[in-house]
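Participant: Contents of structure.cif (mmCIF, C-alpha atoms):
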```cif
data_coords
#
loop_
_atom_site.label_atom_id
_atom_site.label_comp_id
_atom_site.auth_asym_id
_atom_site.auth_seq_id
_atom_site.Cartn_x
_atom_site.Cartn_y
_atom_site.Cartn_z
CA MET Y 13 7.17 -30.13 -6.20
CA LYS Y 14 7.40 -33.46 -4.50
CA SER Y 15 4.66 -34.44 -2.10
CA ASN Y 16 5.39 -35.73 1.35
CA ASP Y 17 4.02 -38.93 2.89
CA ASN Y 18 2.66 -36.77 5.72
CA ASP Y 19 0.69 -34.43 3.44
CA VAL Y 20 -2.83 -33.72 4.66
CA ASP Y 21 -5.80 -34.57 2.44
CA GLY Y 22 -3.80 -34.26 -0.76
CA ALA Y 23 -2.28 -30.86 0.01
CA ILE Y 24 1.44 -30.56 -0.71
CA ARG Y 25 3.69 -29.68 2.22
CA ILE Y 26 6.38 -27.29 1.00
CA ALA Y 27 7.80 -25.41 4.01
CA GLU Y 28 7.75 -24.61 7.71
CA VAL Y 29 6.96 -21.38 9.52
CA ILE Y 30 10.12 -19.75 10.86
CA GLU Y 31 8.72 -16.34 11.89
CA ALA Y 32 5.15 -15.29 12.59
CA SER Y 33 2.91 -12.50 13.79
CA THR Y 34 -0.86 -12.11 13.71
CA THR Y 35 -0.64 -10.21 10.39
CA GLU Y 36 1.98 -12.15 8.40
CA PHE Y 37 4.36 -15.11 8.54
CA ASN Y 38 7.62 -16.22 6.95
CA SER Y 39 8.33 -19.79 5.86
CA GLN Y 40 11.43 -21.70 4.80
CA CYS Y 41 11.09 -24.05 1.83
CA TYR Y 42 12.23 -27.65 2.07
CA SER Y 43 13.63 -27.42 -1.47
CA LEU Y 44 15.62 -24.63 -3.07
CA TYR Y 45 13.67 -22.38 -5.46
CA GLU Y 46 10.33 -24.03 -4.69
CA ALA Y 47 8.49 -21.08 -3.16
CA PRO Y 48 4.84 -20.77 -4.24
CA ALA Y 49 4.17 -18.23 -6.97
CA LEU Y 50 3.36 -14.63 -6.06
CA GLY Y 51 -0.29 -14.36 -5.08
CA SER Y 52 -0.68 -18.05 -4.15
CA LEU Y 53 -2.96 -19.05 -1.28
CA ILE Y 54 -1.17 -21.13 1.35
CA ARG Y 55 -2.11 -22.64 4.70
CA ALA Y 56 0.04 -22.91 7.81
CA GLY Y 57 -1.07 -25.73 10.09
CA ASP Y 58 -2.58 -29.17 9.56
CA ASN Y 59 -6.21 -28.73 10.55
CA ASN Y 60 -7.05 -25.45 12.28
CA GLY Y 61 -4.70 -23.48 10.05
CA ILE Y 62 -3.90 -19.91 9.10
CA TYR Y 63 -4.36 -18.78 5.50
CA GLY Y 64 -1.94 -16.42 3.81
CA ILE Y 65 -1.29 -14.98 0.37
CA VAL Y 66 2.32 -15.07 -0.80
CA CYS Y 67 3.65 -11.53 -1.24
CA GLU Y 68 7.40 -12.05 -1.50
CA SER Y 69 10.04 -14.75 -1.87
CA VAL Y 70 13.81 -14.65 -1.61
CA THR Y 71 16.74 -17.04 -2.03
CA SER Y 72 19.86 -16.18 -0.05
CA SER Y 73 22.79 -17.63 1.86
CA MET Y 74 21.96 -19.54 5.03
CA ASP Y 75 24.98 -17.86 6.62
CA PRO Y 76 24.59 -14.04 6.43
CA SER Y 77 28.36 -13.67 6.77
CA ARG Y 78 28.99 -15.71 3.58
CA HIS Y 79 27.92 -13.93 0.41
CA PRO Y 80 27.31 -16.18 -2.64
CA ILE Y 81 29.98 -15.92 -5.33
CA ALA Y 82 29.89 -16.56 -9.09
CA ARG Y 83 30.80 -20.17 -9.90
CA GLY Y 84 29.79 -20.79 -13.51
CA GLN Y 85 32.52 -19.21 -15.63
CA THR Y 86 33.64 -22.56 -17.04
CA GLU Y 87 30.20 -24.22 -17.11
CA LEU Y 88 28.04 -24.52 -20.22
CA ARG Y 89 24.64 -24.45 -18.48
CA GLU Y 90 23.29 -23.03 -15.24
CA GLU Y 91 22.30 -26.52 -14.11
CA ASP Y 92 25.93 -27.58 -14.35
CA ILE Y 93 26.83 -25.15 -11.56
CA TYR Y 94 24.70 -27.15 -9.14
CA HIS Y 95 26.02 -30.49 -10.40
CA SER Y 96 29.61 -29.31 -9.86
CA ASN Y 97 28.79 -27.71 -6.50
CA PRO Y 98 26.26 -29.99 -4.76
CA GLN Y 99 26.93 -28.22 -1.46
CA LEU Y 100 24.94 -25.21 -2.75
CA SER Y 101 21.67 -26.86 -1.78
CA ARG Y 102 22.90 -26.80 1.83
CA LEU Y 103 24.38 -23.29 1.71
CA LEU Y 104 21.40 -21.54 0.15
CA THR Y 105 17.81 -21.27 1.33
CA THR Y 106 14.53 -20.14 -0.23
CA GLU Y 107 12.04 -18.36 2.01
CA PHE Y 108 8.74 -16.62 1.38
CA ARG Y 109 6.46 -14.19 3.22
CA ALA Y 110 2.68 -14.34 3.32
CA ILE Y 111 0.07 -11.78 4.37
CA THR Y 112 -2.49 -13.38 6.70
CA VAL Y 113 -6.00 -13.26 5.21
CA GLY Y 114 -7.98 -15.77 7.27
CA TYR Y 115 -8.06 -18.96 9.27
CA VAL Y 116 -10.00 -22.20 9.54
CA ASP Y 117 -11.30 -23.92 12.65
CA ASP Y 118 -14.10 -26.28 13.59
CA GLY Y 119 -16.56 -23.53 12.68
CA GLY Y 120 -15.29 -23.29 9.12
CA ILE Y 121 -13.36 -20.67 7.18
CA HIS Y 122 -13.05 -17.14 8.55
CA ARG Y 123 -11.74 -14.47 6.17
CA ILE Y 124 -10.34 -12.23 8.88
CA LEU Y 125 -7.21 -12.21 11.04
CA GLY Y 126 -7.03 -15.13 13.42
CA PRO Y 127 -6.76 -14.73 17.19
CA TYR Y 128 -3.20 -16.12 17.12
CA PRO Y 129 -0.35 -16.37 14.62
CA PRO Y 130 0.69 -19.78 13.30
CA ARG Y 131 2.96 -21.76 15.60
CA MET Y 132 6.66 -21.89 14.86
CA HIS Y 133 7.52 -24.90 12.66
CA SER Y 134 3.92 -25.26 11.55
CA PHE Y 135 3.83 -27.15 8.26
CA VAL Y 136 2.96 -24.95 5.29
CA TYR Y 137 0.85 -26.31 2.43
CA THR Y 138 -0.19 -25.03 -0.97
CA ALA Y 139 -3.95 -24.68 -1.22
CA ARG Y 140 -5.62 -27.25 -3.45
CA ASP Y 141 -8.14 -26.06 -6.08
CA ARG Y 142 -11.05 -27.10 -3.88
CA GLU Y 143 -9.59 -25.25 -0.91
CA LEU Y 144 -8.84 -22.15 -3.01
CA ARG Y 145 -12.36 -22.20 -4.44
CA GLU Y 146 -13.94 -22.51 -0.99
CA PHE Y 147 -11.79 -19.76 0.51
CA SER Y 148 -12.47 -17.34 -2.36
CA LEU Y 149 -16.25 -17.77 -2.19
CA GLY Y 150 -16.02 -14.74 0.08
CA LEU Y 151 -13.74 -11.78 -0.65
CA ASP Y 152 -14.05 -9.96 2.67
CA PHE Y 153 -10.26 -9.87 2.98
CA LEU Y 154 -9.66 -7.73 -0.13
CA PRO Y 155 -9.74 -4.44 1.82
CA ARG Y 156 -6.95 -5.81 4.01
CA LEU Y 157 -4.79 -6.51 0.95
CA LEU Y 158 -5.50 -3.02 -0.37
CA SER Y 159 -4.49 -1.39 2.91
CA THR Y 160 -1.45 -3.54 3.73
CA SER Y 161 1.93 -2.01 2.98
CA MET Y 162 3.80 -4.38 0.66
CA ASP Y 163 5.83 -4.16 -2.52
CA ALA Y 164 4.05 -4.93 -5.81
CA GLN Y 165 0.71 -4.74 -4.01
CA ASP Y 166 -1.48 -4.64 -7.11
CA ASP Y 167 0.47 -7.45 -8.80
CA ILE Y 168 -0.13 -9.64 -5.75
CA ILE Y 169 -3.87 -8.90 -5.68
CA ALA Y 170 -4.27 -9.48 -9.42
CA SER Y 171 -2.25 -12.70 -9.29
CA PHE Y 172 -4.35 -14.08 -6.44
CA LEU Y 173 -7.65 -13.20 -8.13
CA LEU Y 174 -6.53 -14.76 -11.40
CA LYS Y 175 -5.52 -17.99 -9.66
CA ALA Y 176 -8.75 -18.01 -7.65
CA SER Y 177 -10.90 -17.44 -10.74
CA GLU Y 178 -9.41 -20.54 -12.38
CA ALA Y 179 -10.64 -22.63 -9.46
CA HIS Y 180 -14.27 -21.59 -10.11
CA SER Y 181 -16.64 -22.95 -12.73
CA ASP Y 182 -17.21 -19.41 -14.08
CA PRO Y 183 -13.81 -17.68 -14.04
CA TYR Y 184 -15.05 -14.57 -15.86
CA GLY Y 185 -18.02 -14.17 -13.51
CA PHE Y 186 -15.69 -14.46 -10.53
CA ARG Y 187 -13.39 -11.74 -11.90
CA VAL Y 188 -16.37 -9.44 -12.55
CA LYS Y 189 -17.53 -9.95 -8.96
CA ALA Y 190 -14.03 -9.25 -7.64
CA GLY Y 191 -13.74 -6.15 -9.83
CA LYS Y 192 -16.96 -4.73 -8.42
CA ILE Y 193 -15.73 -5.27 -4.86
CA LEU Y 194 -12.41 -3.62 -5.68
CA ALA Y 195 -14.24 -0.64 -7.19
CA THR Y 196 -16.18 -0.03 -3.97
CA HIS Y 197 -12.94 0.12 -1.99
CA MET Y 198 -10.92 2.15 -4.50
CA VAL Y 199 -13.10 5.22 -4.89
CA GLY Y 200 -11.00 8.10 -6.21
CA GLN Y 201 -8.33 5.71 -7.52
CA LEU Y 202 -9.69 5.14 -11.03
CA PRO Y 203 -6.32 4.92 -12.86
CA ARG Y 204 -5.03 2.40 -10.31
CA LEU Y 205 -8.28 0.43 -10.41
CA ASN Y 206 -8.24 0.26 -14.22
CA ASP Y 207 -4.63 -0.88 -14.19
CA LEU Y 208 -5.37 -3.58 -11.62
CA LEU Y 209 -8.38 -4.81 -13.63
CA ARG Y 210 -6.27 -5.00 -16.79
CA ARG Y 211 -3.86 -7.29 -14.97
CA MET Y 212 -6.76 -9.67 -14.28
CA VAL Y 213 -7.58 -10.13 -17.96
CA VAL Y 214 -6.47 -13.46 -19.49
#
```
In structure tokens, what does this structure look like?

Facilitator:
Amino acid sequence: MKSNDNDVDGAIRIAEVIEASTTEFNSQCYSLYEAPALGSLIRAGDNNGIYGIVCESVTSSMDPSRHPIARGQTELREEDIYHSNPQLSRLLTTEFRAITVGYVDDGGIHRILGPYPPRMHSFVYTARDRELREFSLGLDFLPRLLSTSMDAQDDIIASFLLKASEAHSDPYGFRVKAGKILATHMVGQLPRLNDLLRRMVV
């Protein structure tokens, strides 16, 4: 991903908010196919921002009435399709959805829903390692992820915890701590808990 001259404190600006509520927000990427990976921590807003965890991404036509068609029958490589059809970057768009898990203000990081959703056209940034480490020092938001209705819920949780563990000096210790917290909120769901913990093993 290319950084922008207006990036804040080293964070990479990748998108803008195009739809928002207090519980989740959707963002449109500046570049095609450059949505953050599933489970990534992102921030909407420059300073007093809203934190979210990416739970879904999609690439589709900008015009709902125009369905994409196959174009590569005579091309040797997939990349050649885009070289022969440069207009595709203007006809297609990549968007992603994030579940809100906290916010930051002058009082610091809060791992609960914010009082307001992010503003429309707020800049969206990928969290730096330092920011990810600081946010994941507390895991008070895990029950929210467990109770939120979303596809691939356990994959999203495991992906986030794996990424977060890599930002800490003791990744294994972080995963053990997270596993214990998950266990207290998944009583009676032992098969699901074991499966989720297996996904966190690297």

Participant: May I ask for the distance between atom CA of Y:Ile124 and atom CA of Y:Asp152, given in Å to one decimal place?

Facilitator: 7.6 Å

Participant: Which protein, DNA or RNA residues are at most 10 Å from (19.5, -19.4, 1.0) in the file's coordinates when you count all atoms listed in the file, listed as a PyMOL selection string?

Facilitator: chain Y and resi 40-41+44-45+70-76+80+100-107

Participant: Leaving out Y:Pro127 and any residue of its chain fewer than 6 positions from it, which residues lie within 12 Å of it when counting all atoms listed in the file, given as JSON, numbers by chain?

Facilitator: {"Y": [33, 34, 35, 60, 61, 62, 112, 114, 115, 116, 117]}

Participant: Quick one: which residues end up in the PyMOL selection byres ((chain Y and resi 167) around 10) for this structure, as a list in words?

Facilitator: Leu50, Gly51, Cys67, Asp163, Ala164, Gln165, Asp166, Ile168, Ile169, Ala170, Ser171, Phe172, Leu173, Asp207, Leu208, Arg211 and Met212 of chain Y

Participant: Kindly give the distance, in Å, that separates atom CA of Y:Gly84 and atom CA of Y:Asn97, rounded to a single decimal.

Facilitator: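 Calculated distance between atom CA of Y:Gly84 and atom CA of Y:Asn97 is 9.9 Å.
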
Participant: Compare Y:Met132, Y:Glu31, Y:Glu91, Y:Ala110 by their minimum atom-to-atom distance to Y:Thr160, counting all atoms listed in the file, and give me the closest one.

Facilitator: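 Selected residue with least distance to Y:Thr160: Y:Ala110.
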
Participant: In the coordinates of the file, take the point (7.5, -12.3, 1.6) and a cut-off of 7 Å; then, counting only C-alpha atoms, name each qualifying protein, DNA or RNA residue as number ranges by chain.

Facilitator: Y: 38, 66-69, 108-110

Participant: What does the distance between atom CA of Y:Phe186 and atom CA of Y:Val213 come to in Å, to one decimal place?

Facilitator: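 Atom CA of Y:Phe186 sits 11.8 Å away from atom CA of Y:Val213.
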
Participant: Could you tell me which of Y:Asp92, Y:Leu209, Y:Gly200, Y:Val113 comes closest to Y:Leu157 if we count only C-alpha atoms?

Facilitator: Y:Val113
